[in-house]
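Structure below is entry28.cif: mmCIF, C-alpha atoms and all ligand atoms.
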```cif
data_structure
#
loop_
_atom_site.label_atom_id
_atom_site.label_comp_id
_atom_site.auth_asym_id
_atom_site.auth_seq_id
_atom_site.Cartn_x
_atom_site.Cartn_y
_atom_site.Cartn_z
CA MET A 1 8.08 141.93 -16.99
CA THR A 2 8.08 145.42 -18.42
CA VAL A 3 4.91 146.78 -20.04
CA PRO A 4 4.82 147.23 -22.99
CA TYR A 5 6.63 143.89 -23.28
CA ARG A 6 10.12 144.02 -24.79
CA CYS A 7 10.70 141.63 -27.73
CA LEU A 8 13.96 140.22 -29.06
CA MET A 9 13.16 139.39 -32.70
CA ILE A 10 15.12 136.37 -34.01
CA GLY A 11 15.32 136.67 -37.78
CA ALA A 12 14.74 139.72 -39.97
CA GLY A 13 14.02 138.31 -43.45
CA GLY A 14 11.46 135.94 -44.95
CA MET A 15 8.70 135.18 -42.44
CA ALA A 16 10.66 137.05 -39.75
CA GLY A 17 10.50 140.16 -41.91
CA ARG A 18 6.73 139.80 -42.02
CA TRP A 19 6.60 139.42 -38.23
CA ALA A 20 8.67 142.58 -37.79
CA ARG A 21 6.88 144.71 -40.38
CA GLU A 22 3.37 143.29 -40.44
CA PHE A 23 2.21 140.85 -37.74
CA TRP A 24 3.38 142.84 -34.70
CA THR A 25 2.25 146.19 -36.13
CA PRO A 26 -1.33 146.24 -34.71
CA PHE A 27 0.10 145.40 -31.27
CA ARG A 28 2.80 148.07 -31.00
CA ASP A 29 1.00 149.62 -28.01
CA ARG A 30 1.54 146.32 -26.15
CA MET A 31 5.13 145.51 -27.20
CA THR A 32 8.37 147.13 -28.34
CA PHE A 33 11.39 145.78 -30.22
CA ALA A 34 14.39 145.61 -27.88
CA GLY A 35 16.65 143.88 -30.40
CA LEU A 36 16.84 142.24 -33.82
CA VAL A 37 19.08 139.39 -35.07
CA ASP A 38 19.83 138.06 -38.54
CA ILE A 39 22.96 136.38 -39.84
CA ASN A 40 22.45 138.25 -43.13
CA HIS A 41 23.81 141.76 -42.53
CA GLY A 42 21.91 143.39 -45.41
CA THR A 43 18.59 141.91 -44.26
CA LEU A 44 19.33 142.93 -40.67
CA GLN A 45 19.99 146.52 -41.71
CA ALA A 46 16.94 146.80 -43.97
CA THR A 47 14.52 145.59 -41.28
CA GLY A 48 16.43 147.43 -38.53
CA ASP A 49 16.07 150.67 -40.51
CA TRP A 50 12.37 150.00 -41.08
CA LEU A 51 11.88 149.51 -37.33
CA GLU A 52 14.12 152.54 -36.61
CA LEU A 53 16.25 150.45 -34.24
CA PRO A 54 19.61 151.86 -33.06
CA GLU A 55 22.77 150.06 -34.26
CA SER A 56 23.31 148.85 -30.69
CA ALA A 57 20.10 146.76 -30.93
CA ARG A 58 21.11 144.98 -34.17
CA PHE A 59 23.03 141.68 -34.08
CA THR A 60 24.35 139.13 -36.56
CA SER A 61 24.71 136.44 -33.88
CA VAL A 62 21.95 135.01 -31.71
CA GLY A 63 24.43 134.47 -28.86
CA ASP A 64 25.55 138.13 -28.90
CA ALA A 65 21.93 139.31 -28.97
CA PHE A 66 20.84 137.27 -25.95
CA ALA A 67 23.98 138.36 -24.07
CA ALA A 68 23.34 142.06 -24.70
CA VAL A 69 19.56 142.52 -24.83
CA GLU A 70 17.17 142.65 -21.87
CA ALA A 71 13.76 141.54 -23.10
CA ASP A 72 10.59 139.87 -21.81
CA PHE A 73 10.14 137.48 -24.73
CA CYS A 74 11.62 136.47 -28.03
CA CYS A 75 9.90 135.81 -31.34
CA ILE A 76 11.71 133.09 -33.34
CA ALA A 77 11.24 133.00 -37.11
CA THR A 78 14.47 131.45 -38.39
CA PRO A 79 14.60 128.09 -40.24
CA PRO A 80 13.71 125.07 -38.03
CA ALA A 81 17.33 123.89 -37.61
CA PHE A 82 18.09 127.07 -35.62
CA HIS A 83 15.14 127.10 -33.23
CA GLN A 84 16.79 125.00 -30.49
CA GLU A 85 19.74 127.36 -29.96
CA ALA A 86 17.45 130.40 -29.63
CA VAL A 87 15.04 128.61 -27.27
CA GLU A 88 17.85 127.43 -24.99
CA LEU A 89 19.33 130.93 -24.81
CA ALA A 90 15.88 132.40 -24.07
CA CYS A 91 15.27 129.84 -21.33
CA ALA A 92 18.63 130.64 -19.74
CA LYS A 93 17.41 134.24 -19.38
CA GLY A 94 13.87 133.33 -18.27
CA MET A 95 12.33 134.83 -21.43
CA HIS A 96 8.99 133.69 -22.84
CA ILE A 97 8.92 132.42 -26.44
CA LEU A 98 6.68 132.73 -29.48
CA SER A 99 8.12 130.50 -32.20
CA GLU A 100 7.27 129.71 -35.79
CA LYS A 101 6.43 126.10 -36.54
CA PRO A 102 7.80 123.44 -36.53
CA VAL A 103 9.16 123.21 -32.96
CA ALA A 104 12.46 121.96 -34.47
CA ASP A 105 13.62 119.81 -37.39
CA THR A 106 14.58 116.71 -35.35
CA VAL A 107 13.11 114.65 -32.50
CA GLU A 108 16.24 115.41 -30.46
CA GLY A 109 15.88 119.15 -31.06
CA CYS A 110 12.22 119.11 -29.98
CA ALA A 111 13.03 117.10 -26.85
CA ALA A 112 15.82 119.53 -25.93
CA ILE A 113 13.41 122.45 -26.39
CA ALA A 114 10.69 120.82 -24.27
CA ASN A 115 13.26 120.07 -21.57
CA ALA A 116 14.64 123.64 -21.55
CA VAL A 117 11.16 125.23 -21.44
CA ARG A 118 10.02 122.95 -18.63
CA GLY A 119 13.22 123.61 -16.66
CA ALA A 120 12.96 127.38 -17.03
CA GLY A 121 9.20 127.51 -16.38
CA VAL A 122 8.68 129.97 -19.26
CA LYS A 123 5.69 130.20 -21.61
CA MET A 124 6.18 128.97 -25.18
CA MET A 125 3.64 129.16 -27.99
CA ILE A 126 3.94 127.72 -31.51
CA THR A 127 2.55 129.54 -34.53
CA GLN A 128 -0.26 127.50 -36.11
CA ASN A 129 -1.82 130.38 -37.97
CA TYR A 130 -3.97 128.26 -40.31
CA ARG A 131 -6.29 127.33 -37.43
CA TYR A 132 -7.48 130.94 -37.46
CA THR A 133 -8.38 131.63 -41.08
CA PRO A 134 -12.11 132.41 -41.50
CA ARG A 135 -12.50 129.39 -43.83
CA ILE A 136 -11.22 126.98 -41.15
CA LEU A 137 -13.18 128.65 -38.32
CA THR A 138 -16.29 128.29 -40.50
CA LEU A 139 -15.49 124.63 -41.16
CA LYS A 140 -15.11 124.05 -37.42
CA ALA A 141 -18.49 125.66 -36.81
CA ALA A 142 -20.02 123.33 -39.44
CA VAL A 143 -18.43 120.27 -37.83
CA ALA A 144 -19.77 121.31 -34.41
CA GLU A 145 -23.26 121.27 -35.94
CA LEU A 146 -22.97 117.74 -37.31
CA GLY A 147 -22.31 115.62 -34.23
CA GLY A 148 -19.47 113.12 -33.83
CA VAL A 149 -16.57 113.01 -36.30
CA ASN A 150 -16.08 109.75 -38.21
CA TYR A 151 -13.03 110.68 -40.29
CA VAL A 152 -11.13 113.64 -41.79
CA VAL A 153 -9.69 113.81 -45.31
CA ALA A 154 -7.01 116.47 -45.86
CA ARG A 155 -5.44 117.42 -49.19
CA TYR A 156 -2.62 119.89 -49.80
CA ALA A 157 -1.16 120.27 -53.31
CA SER A 158 1.21 122.93 -54.67
CA ASP A 159 3.02 123.13 -57.99
CA TYR A 160 6.59 123.69 -56.81
CA ARG A 161 8.19 121.82 -59.70
CA VAL A 162 10.69 124.65 -60.22
CA ARG A 163 13.48 124.89 -57.63
CA GLY A 164 12.92 127.95 -55.45
CA ALA A 165 9.17 128.07 -56.13
CA TRP A 166 8.50 127.31 -52.43
CA GLY A 167 10.30 130.45 -51.22
CA ALA A 168 13.48 129.85 -49.20
CA LEU A 169 15.88 127.36 -50.81
CA PHE A 170 16.21 125.26 -47.62
CA ARG A 171 12.69 123.98 -48.28
CA HIS A 172 13.97 122.41 -51.54
CA THR A 173 17.23 120.98 -50.14
CA MET A 174 16.24 119.53 -46.73
CA ALA A 175 15.09 115.94 -46.11
CA HIS A 176 11.33 115.37 -45.57
CA SER A 177 10.54 118.95 -46.55
CA LEU A 178 6.85 118.29 -47.30
CA LEU A 179 6.33 116.95 -43.77
CA ILE A 180 8.64 119.23 -41.75
CA GLU A 181 7.81 122.50 -43.50
CA GLY A 182 4.29 121.76 -44.75
CA GLY A 183 2.70 118.67 -43.20
CA ILE A 184 3.03 119.96 -39.65
CA HIS A 185 0.31 122.51 -40.49
CA HIS A 186 -1.99 119.82 -41.89
CA PHE A 187 -1.44 117.33 -39.06
CA ASP A 188 -2.20 120.16 -36.62
CA GLN A 189 -5.33 121.00 -38.62
CA ILE A 190 -6.53 117.37 -38.49
CA ARG A 191 -6.23 117.55 -34.68
CA ASN A 192 -7.96 120.93 -34.66
CA LEU A 193 -10.88 119.75 -36.82
CA SER A 194 -11.39 116.37 -35.14
CA GLY A 195 -10.68 117.41 -31.54
CA ALA A 196 -8.59 114.22 -31.25
CA ASN A 197 -4.94 113.28 -30.83
CA CYS A 198 -3.28 110.66 -32.99
CA GLN A 199 -2.67 107.09 -31.82
CA THR A 200 -0.97 105.53 -34.86
CA ILE A 201 0.20 106.62 -38.31
CA ALA A 202 1.23 104.68 -41.42
CA GLY A 203 2.27 105.76 -44.90
CA TRP A 204 5.02 107.10 -47.10
CA ASP A 205 6.76 110.25 -48.19
CA TRP A 206 8.86 110.04 -51.35
CA ASN A 207 10.31 111.79 -54.37
CA PRO A 208 8.93 110.45 -57.67
CA GLY A 209 12.16 111.56 -59.34
CA GLN A 210 14.04 109.10 -57.12
CA VAL A 211 11.71 106.11 -56.80
CA HIS A 212 10.81 105.57 -60.45
CA ALA A 213 12.78 103.05 -62.47
CA GLN A 214 16.36 104.08 -63.09
CA GLY A 215 16.82 106.18 -66.18
CA LYS A 216 13.27 107.52 -66.09
CA SER A 217 13.09 111.19 -65.25
CA TRP A 218 10.17 112.82 -63.45
CA ARG A 219 9.20 116.35 -64.44
CA GLY A 220 10.07 118.66 -61.54
CA GLY A 221 11.39 115.83 -59.33
CA ASP A 222 14.80 117.53 -59.25
CA SER A 223 13.18 120.62 -57.69
CA PHE A 224 13.54 118.78 -54.34
CA ASP A 225 16.55 116.89 -52.96
CA GLY A 226 14.29 115.17 -50.40
CA GLU A 227 10.68 114.00 -50.34
CA PRO A 228 8.03 116.40 -51.74
CA CYS A 229 5.09 113.92 -51.78
CA GLY A 230 3.30 111.98 -49.05
CA LEU A 231 0.26 109.80 -48.34
CA PHE A 232 -0.60 108.87 -44.74
CA VAL A 233 -3.43 107.21 -42.80
CA MET A 234 -4.04 107.91 -39.10
CA ARG A 235 -6.00 106.34 -36.29
CA MET A 236 -6.89 109.10 -33.86
CA ASN A 237 -8.44 108.72 -30.40
CA GLU A 238 -12.18 109.42 -29.84
CA GLY A 239 -12.88 106.82 -32.62
CA VAL A 240 -11.71 109.20 -35.37
CA PHE A 241 -9.66 108.24 -38.46
CA ALA A 242 -7.89 110.53 -40.96
CA SER A 243 -6.00 110.55 -44.23
CA TYR A 244 -3.48 113.08 -45.52
CA GLU A 245 -2.41 113.68 -49.11
CA GLY A 246 0.48 116.14 -49.50
CA ASN A 247 2.07 117.01 -52.84
CA ASN A 248 4.58 119.69 -53.75
CA LEU A 249 4.78 118.50 -57.36
CA ALA A 250 1.09 118.89 -58.24
CA SER A 251 0.56 118.61 -61.99
CA GLY A 252 -3.23 118.81 -61.75
CA LYS A 253 -5.60 120.69 -59.45
CA THR A 254 -3.81 122.54 -56.64
CA ASN A 255 -4.95 123.01 -53.04
CA SER A 256 -2.08 125.22 -51.94
CA TRP A 257 -1.66 127.40 -48.85
CA ARG A 258 -4.93 128.85 -47.47
CA SER A 259 -6.73 126.74 -50.11
CA GLU A 260 -6.35 123.20 -48.78
CA TYR A 261 -9.18 120.70 -49.20
CA TYR A 262 -10.74 119.26 -46.04
CA ARG A 263 -13.72 116.93 -45.74
CA VAL A 264 -14.97 116.01 -42.29
CA GLU A 265 -17.37 113.08 -42.35
CA CYS A 266 -19.65 113.37 -39.32
CA ASP A 267 -22.61 111.58 -37.77
CA GLY A 268 -25.14 114.07 -39.17
CA GLY A 269 -23.48 114.90 -42.53
CA ALA A 270 -20.21 115.88 -44.16
CA ALA A 271 -18.56 119.32 -43.93
CA VAL A 272 -16.52 120.12 -47.05
CA LEU A 273 -14.08 122.94 -47.81
CA ASP A 274 -12.25 123.35 -51.11
CA ARG A 275 -10.25 126.04 -52.86
CA ASP A 276 -13.31 128.26 -53.41
CA HIS A 277 -13.31 128.84 -49.60
CA THR A 278 -17.04 128.14 -49.26
CA VAL A 279 -17.90 125.63 -46.54
CA ARG A 280 -20.67 123.27 -47.62
CA ILE A 281 -22.63 120.78 -45.55
CA GLU A 282 -23.70 117.63 -47.39
CA GLU A 283 -26.56 115.74 -45.75
CA ARG A 284 -29.39 113.37 -46.63
CA SER A 285 -33.08 114.14 -46.41
CA THR A 286 -35.40 111.56 -44.81
CA SER A 287 -36.09 110.22 -48.34
CA GLY A 288 -32.33 109.81 -48.94
CA ALA A 289 -31.87 112.73 -51.35
CA LEU A 290 -28.52 114.53 -51.15
CA GLN A 291 -28.87 118.11 -49.92
CA ILE A 292 -26.05 120.64 -49.99
CA ARG A 293 -26.14 123.93 -48.13
CA GLU A 294 -23.56 126.68 -47.78
CA VAL A 295 -22.44 127.71 -44.31
CA PRO A 296 -22.26 131.47 -43.63
CA PRO A 297 -18.64 132.58 -43.03
CA VAL A 298 -17.60 133.12 -39.42
CA ALA A 299 -16.31 136.63 -38.60
CA VAL A 300 -13.01 136.81 -36.74
CA ALA A 301 -11.29 139.66 -34.87
CA TRP A 302 -7.68 138.60 -35.63
CA GLU A 303 -7.27 136.21 -38.51
CA GLY A 304 -4.39 133.90 -39.46
CA HIS A 305 -1.01 135.09 -38.23
CA LEU A 306 -2.54 138.08 -36.42
CA ALA A 307 -4.27 135.71 -34.00
CA MET A 308 -0.84 134.56 -32.79
CA PRO A 309 0.47 137.80 -31.22
CA ALA A 310 -3.05 138.56 -29.92
CA GLN A 311 -3.23 135.24 -28.05
CA PHE A 312 0.40 135.34 -26.92
CA LEU A 313 0.18 138.86 -25.44
CA ASP A 314 -3.08 137.97 -23.66
CA TRP A 315 -1.28 134.95 -22.16
CA LEU A 316 1.61 137.15 -20.96
CA ASP A 317 -1.03 139.47 -19.43
CA GLY A 318 -2.26 136.52 -17.32
CA GLY A 319 -5.06 135.46 -19.69
CA PRO A 320 -5.80 131.88 -20.81
CA ALA A 321 -3.12 129.71 -22.36
CA PRO A 322 -3.56 129.67 -26.16
CA PRO A 323 -4.60 126.40 -27.87
CA THR A 324 -1.16 125.98 -29.48
CA THR A 325 1.17 126.03 -26.49
CA LEU A 326 4.37 124.00 -26.86
CA ASP A 327 2.82 121.17 -24.81
CA ASP A 328 -0.19 120.99 -27.12
CA ASN A 329 1.91 121.31 -30.25
CA LEU A 330 4.11 118.36 -29.31
CA GLN A 331 1.07 116.20 -30.24
CA SER A 332 1.07 117.62 -33.79
CA THR A 333 4.87 117.37 -33.90
CA ALA A 334 4.64 113.70 -32.87
CA MET A 335 2.43 113.07 -35.93
CA LEU A 336 5.09 114.72 -38.11
CA PHE A 337 7.97 112.61 -36.77
CA GLY A 338 5.72 109.53 -36.58
CA ALA A 339 5.05 110.03 -40.31
CA ILE A 340 8.78 110.21 -41.07
CA ARG A 341 9.43 107.04 -39.06
CA ALA A 342 6.51 105.25 -40.71
CA SER A 343 7.90 106.06 -44.14
CA GLU A 344 11.49 105.16 -43.27
CA SER A 345 10.56 101.86 -41.59
CA GLY A 346 7.51 100.83 -43.61
CA GLU A 347 5.76 100.18 -40.28
CA THR A 348 2.77 101.60 -38.41
CA ILE A 349 4.09 103.97 -35.73
CA ASP A 350 2.73 104.52 -32.22
CA VAL A 351 2.45 108.32 -32.21
CA GLN A 352 1.99 108.55 -28.44
CA LYS A 353 5.40 106.89 -27.97
CA VAL A 354 6.90 109.59 -30.19
CA ALA A 355 5.01 112.25 -28.19
CA ALA A 356 6.51 110.88 -24.96
CA GLU A 357 10.00 111.03 -26.52
CA LEU A 358 9.43 114.63 -27.57
CA ALA A 359 8.10 115.60 -24.14
CA GLY A 360 10.98 113.81 -22.38
CA THR A 361 8.62 111.46 -20.53
CA ALA A 362 9.45 108.28 -22.52
N1 LIG B 1 3.42 129.84 -40.29
C1 LIG B 1 3.61 129.98 -41.60
O1 LIG B 1 2.66 130.13 -42.36
C2 LIG B 1 5.01 129.97 -42.14
C3 LIG B 1 5.26 130.26 -43.49
C4 LIG B 1 6.59 130.24 -43.94
C5 LIG B 1 7.62 129.93 -43.06
N2 LIG B 1 7.32 129.64 -41.75
C6 LIG B 1 8.39 129.29 -40.79
O2 LIG B 1 9.19 130.43 -40.54
C7 LIG B 1 10.53 130.01 -40.26
C8 LIG B 1 11.47 130.74 -41.22
O3 LIG B 1 11.16 130.37 -42.55
P1 LIG B 1 11.39 131.42 -43.76
O4 LIG B 1 10.63 130.90 -44.91
O5 LIG B 1 11.10 132.80 -43.32
O6 LIG B 1 12.97 131.24 -44.00
P2 LIG B 1 13.92 132.27 -44.76
O7 LIG B 1 15.16 131.52 -45.05
O8 LIG B 1 13.20 132.93 -45.88
O9 LIG B 1 14.21 133.44 -43.69
C9 LIG B 1 14.81 133.18 -42.50
C10 LIG B 1 15.60 134.40 -42.03
O10 LIG B 1 16.33 133.97 -40.89
C11 LIG B 1 17.71 134.32 -41.09
N3 LIG B 1 18.51 133.33 -40.36
C12 LIG B 1 18.81 132.07 -40.77
N4 LIG B 1 19.52 131.47 -39.80
C13 LIG B 1 19.66 132.34 -38.78
C14 LIG B 1 20.28 132.27 -37.50
N5 LIG B 1 20.90 131.17 -37.08
N6 LIG B 1 20.21 133.36 -36.70
C15 LIG B 1 19.58 134.48 -37.11
N7 LIG B 1 18.99 134.61 -38.32
C16 LIG B 1 19.02 133.55 -39.14
C17 LIG B 1 17.92 134.34 -42.58
O11 LIG B 1 19.05 135.16 -42.94
C18 LIG B 1 16.60 134.90 -43.07
O12 LIG B 1 16.61 136.32 -43.06
C19 LIG B 1 10.54 128.49 -40.41
O13 LIG B 1 10.41 127.88 -39.15
C20 LIG B 1 9.32 128.21 -41.28
O14 LIG B 1 8.76 126.92 -41.07
C21 LIG B 1 6.05 129.66 -41.29
#
```

Any chance you could put this one into C-alpha cells?
Ligand SMILES: NC(=O)c1ccc[n+]([C@@H]2O[C@H](COP(=O)([O-])OP(=O)(O)OC[C@H]3O[C@@H](n4cnc5c(N)ncnc54)[C@H](O)[C@@H]3O)[C@@H](O)[C@H]2O)c1
Amino acid sequence: MTVPYRCLMIGAGGMAGRWAREFWTPFRDRMTFAGLVDINHGTLQATGDWLELPESARFTSVGDAFAAVEADFCCIATPPAFHQEAVELACAKGMHILSEKPVADTVEGCAAIANAVRGAGVKMMITQNYRYTPRILTLKAAVAELGGVNYVVARYASDYRVRGAWGALFRHTMAHSLLIEGGIHHFDQIRNLSGANCQTIAGWDWNPGQVHAQGKSWRGGDSFDGEPCGLFVMRMNEGVFASYEGNNLASGKTNSWRSEYYRVECDGGAAVLDRDHTVRIEERSTSGALQIREVPPVAVAWEGHLAMPAQFLDWLDGGPAPPTTLDDNLQSTAMLFGAIRASESGETIDVQKVAAELAGTA
C-alpha cells in the first residue's frame, strides 16, 4: 500500500458528496483521492472541481474507474443496489473497502459481497456512524454502570409524509425502505447497546395507505411506494429481549435521526435517552422511591461519521479491527432481512440462519 493511502471514491453526490467534502477532510494527511465516480456528470464535475481532481481521475462508470485507477481502498457511498458491483470490482484488484450501510439491498447481494471479500482477503468496514454520537456513547456508559441488560426499547419516528422529504427519491420508491435504509441503523444500535446478537425476530412492516380498508386514504401514505412503518420484537442471546418501533409517517412526536428514543432496562436501573439528548438513569431507592439522575456526557475525539475514517485508517495502518467490520455487520444485516422475512411470512424468523446465509456458511 502507498502512504498516504490512495482512495477511489464511489459516488460524488448525496452522502458521497459529504464523504468527499467533509468526512475525509480531517484525514487528508493520511489519504489522497486517486479517482472519483458518479453516473451523474454534473455532480461528478462539481465534486471533482471541489477536490481539484484532474479530468483523467473522473469517471461516470464504476467499471471504467476500477480499470483505470490504482488505489489502496475504495469508499462506497452509492445507493445500496449498487454496492455489490463496486465491492466485487474492488476485490478483483485487492483493494480494501469502506462502505456505507446497508451492506446491500438483498440477501443475495450481501452473500456475494461476503464471498468476494473472503476470497480476496481484503478488509471491509461498514459505516455505522450512530454508534459514535456522544449521546449513544453516554448511554452505553450508563448501561455499563447498571449491570445486566434485561431488554432494549428503540423508537425512531420521522415525519416524511411528503414525497422527497427523506432526501433521495429511491428511499420513497424502494420496497421495505424503513428497514433497508433506516432500520439497519437501529438494529445495529440494539446490538451495540445490549452487547448481544439476535436469535429470533417477529413483526411487521407495512404502509397504512395500503393496508387500510379499500377506499380509505391515509394522509402521507402515498409518500412511500413500499413500507414506511414497522413494529418488531426480538429475542437476543445473553438473555436479552428488544422491541423496535420505526415510523416514517409520524403524525405525533418525532424521534428522527440523531434523536431516537432508547430505553435500556437493566438489573440495577433503566438508562433512558430521548430527543433532548440527556441520558437519564432511573433507579429505586431502598424505600422504593423512584430516583432520576442525569449522566454527564461522554467526550469523544471523532464523533459520528468522523469516527469511521479514523477507525478505518488505523486498521489499514495495522491497528485493531473496528467494531463494524463486514463480518460483524452481517449480524445486524441478518436482523434487517430477518425482519423482512418475518413480515412477509407472518412467522418468527431464526436470525442466525439468515446470518449463515449472508456469510455463505448456511
Ligand atoms: N450513514 C448514514 O447516516 C447515511 C445517511 C444517508 C445515506 N446513507 C447511505 O449512503 C448511500 C447513498 O445514499 P444517498 O442518500 O447519498 O443517495 P443519493 O441518491 O442522494 O446519492 C448517491 C450518489 O451516487 C450516485 N450514483 C448512483 N448510482 C451510482 C452508480 N452505479 N455508480 C456511481 N455513482 C452512482 C448518484 O448520482 C448520487 O450522486 C446509501 O447506501 C445510504 O444508505 C447513509

Shell around Ser223 in chain A at 8 Å using all atoms listed in the file, local window under 2 positions removed, as a list in words: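 What passes the distance filter is Tyr160, Arg161, Val162, Arg163, Gly164, His172, Gly220, Gly221 and Asp225 of chain A.
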
For Tyr151 in chain A, list every protein, DNA or RNA residue within 9 Å, evaluated using only C-alpha atoms, and leave out those in the same chain fewer than 2 positions away; present the list as a list of chain:residue names.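 So the residues in contact are A:Val149, A:Val153, A:Ser194, A:Gly239, A:Val240, A:Phe241, A:Ala242, A:Ser243, A:Arg263, A:Val264, A:Glu265, A:Cys266.
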
C-alpha atoms of the current selection, written as a PDB file, in the coordinates of the input:
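Saved as selection-v1.pdb:
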```pdb
ATOM      1  CA  VAL A 149     -16.570 113.010 -36.300  1.00  0.00           C
ATOM      2  CA  VAL A 153      -9.690 113.810 -45.310  1.00  0.00           C
ATOM      3  CA  SER A 194     -11.390 116.370 -35.140  1.00  0.00           C
ATOM      4  CA  GLY A 239     -12.880 106.820 -32.620  1.00  0.00           C
ATOM      5  CA  VAL A 240     -11.710 109.200 -35.370  1.00  0.00           C
ATOM      6  CA  PHE A 241      -9.660 108.240 -38.460  1.00  0.00           C
ATOM      7  CA  ALA A 242      -7.890 110.530 -40.960  1.00  0.00           C
ATOM      8  CA  SER A 243      -6.000 110.550 -44.230  1.00  0.00           C
ATOM      9  CA  ARG A 263     -13.720 116.930 -45.740  1.00  0.00           C
ATOM     10  CA  VAL A 264     -14.970 116.010 -42.290  1.00  0.00           C
ATOM     11  CA  GLU A 265     -17.370 113.080 -42.350  1.00  0.00           C
ATOM     12  CA  CYS A 266     -19.650 113.370 -39.320  1.00  0.00           C
TER      13      CYS A 266
END
```

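Candidate residues A:Cys110, A:Val152, A:Ala299, A:Cys229 were compared for distance to Phe337 in chain A, and the nearest is A:Cys110, using all atoms listed in the file.
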
Residues contacting ligand LIG 1 (chain B) - anything with an atom at most 6 Å away, using all atoms listed in the file - can you give me those as a list in words? Ile10, Gly11, Ala12, Gly13, Gly14, Met15, Ala16, Val37, Asp38, Ile39, Asn40, Val62, Ala77, Thr78, Pro79, Pro80, Phe82, Glu100, Lys101, Pro102, Thr127, Asn129, Ala168 and Glu181 of chain A

When you count all atoms listed in the file, which of these residues is closest to Gly230 in chain A: A:Met124, A:Leu326, A:Leu146, A:Ile340?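 Between A:Met124, A:Leu326, A:Leu146, A:Ile340, the residue approaching Gly230 in chain A most closely is A:Ile340.
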
d(CA of Val87 in chain A, CA of Arg6 in chain A) in Å: 16.4 Å

What lies within 7 Å of Thr173 in chain A using all atoms listed in the file, ignoring chain neighbours under 4 positions off, as a PyMOL selection string? chain A and resi 169+224-226

Using all atoms listed in the file, determine which residues lie at most 12 Å from Glu344 in chain A, disregarding the query and same-chain residues fewer than 2 positions distant; provide the list as a PyMOL selection string. chain A and resi 175-176+202-206+227+337-342+346-349

Kindly give the distance, in Å, that separates CA of Val300 in chain A and CA of Pro134 in chain A, rounded to a single decimal.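 These two atoms are separated by 6.5 Å.
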
What's the 10 Å shell around Arg21 in chain A, counting only C-alpha atoms, without same-chain residues fewer than 2 positions away, as a PyMOL selection string? chain A and resi 12+15-19+23-25+47+50-51

Point out the residue among A:Ile126, A:Leu313, A:Cys198, A:Ala154 with the least atom-to-atom distance to Asn247 in chain A, counting only C-alpha atoms. A:Ala154

Restricting the calculation to all atoms listed in the file: of A:Ala114, A:Cys75, A:Ala196, A:Met95, which residue gets closest to Thr361 in chain A?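 The closest residue to Thr361 in chain A is A:Ala114.
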
Between CA of Arg219 in chain A and CA of Thr106 in chain A, distance in Å (one decimal): 29.6 Å

Nearest-residue call for Phe232 in chain A, choices A:Leu330, A:Val211, A:Leu336, A:Leu306, using all atoms listed in the file: A:Leu336

Please check which residues have atoms at most 9 Å from (4.4, 129.0, -28.2) in the file's coordinates, counting all atoms listed in the file, and write them as number ranges by chain. A: 96-100, 103, 123-127, 308, 312, 322, 324-327, 329

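Among the candidates A:Asn150, A:Thr333, A:Ser158, A:Ser61, the one nearest to Ala270 in chain A when counting all atoms listed in the file is A:Asn150.
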
Take the point (-6.5, 128.1, -34.1) as written in the file and pick out every residue within 9 Å of it, counting all atoms listed in the file; give the list as a list in words. Gln128, Asn129, Tyr130, Arg131, Tyr132, Thr133, Ile136, Leu137, Gln189, Asn192, Gly304, Ala307, Met308, Pro322, Pro323 and Thr324 of chain A

Please complete range 256-267 of chain A so it has N, CA and C atoms, and hand it over as a JSON list (two decimals), in the frame of the given file.
```
[["chain", "number", "residue", "atom", "x", "y", "z"],
["A", 256, "SER", "N", -3.29, 124.71, -52.58],
["A", 256, "SER", "CA", -2.08, 125.22, -51.94],
["A", 256, "SER", "C", -2.43, 125.98, -50.66],
["A", 257, "TRP", "N", -1.50, 126.75, -50.15],
["A", 257, "TRP", "CA", -1.66, 127.40, -48.85],
["A", 257, "TRP", "C", -2.92, 128.26, -48.79],
["A", 258, "ARG", "N", -3.65, 128.15, -47.71],
["A", 258, "ARG", "CA", -4.93, 128.85, -47.47],
["A", 258, "ARG", "C", -6.02, 128.36, -48.42],
["A", 259, "SER", "N", -5.73, 127.29, -49.19],
["A", 259, "SER", "CA", -6.73, 126.74, -50.11],
["A", 259, "SER", "C", -6.79, 125.22, -50.02],
["A", 260, "GLU", "N", -6.34, 124.66, -48.92],
["A", 260, "GLU", "CA", -6.35, 123.20, -48.78],
["A", 260, "GLU", "C", -7.78, 122.66, -48.80],
["A", 261, "TYR", "N", -7.88, 121.39, -49.19],
["A", 261, "TYR", "CA", -9.18, 120.70, -49.20],
["A", 261, "TYR", "C", -9.31, 119.89, -47.91],
["A", 262, "TYR", "N", -10.43, 120.08, -47.22],
["A", 262, "TYR", "CA", -10.74, 119.26, -46.04],
["A", 262, "TYR", "C", -12.17, 118.76, -46.17],
["A", 263, "ARG", "N", -12.36, 117.48, -45.83],
["A", 263, "ARG", "CA", -13.72, 116.93, -45.74],
["A", 263, "ARG", "C", -13.81, 116.21, -44.41],
["A", 264, "VAL", "N", -14.80, 116.62, -43.61],
["A", 264, "VAL", "CA", -14.97, 116.01, -42.29],
["A", 264, "VAL", "C", -16.28, 115.26, -42.31],
["A", 265, "GLU", "N", -16.19, 113.94, -42.31],
["A", 265, "GLU", "CA", -17.37, 113.08, -42.35],
["A", 265, "GLU", "C", -17.88, 112.90, -40.92],
["A", 266, "CYS", "N", -19.11, 113.35, -40.68],
["A", 266, "CYS", "CA", -19.65, 113.37, -39.32],
["A", 266, "CYS", "C", -20.91, 112.52, -39.24],
["A", 267, "ASP", "N", -21.40, 112.35, -38.02],
["A", 267, "ASP", "CA", -22.61, 111.58, -37.77],
["A", 267, "ASP", "C", -23.81, 112.14, -38.57]]
```
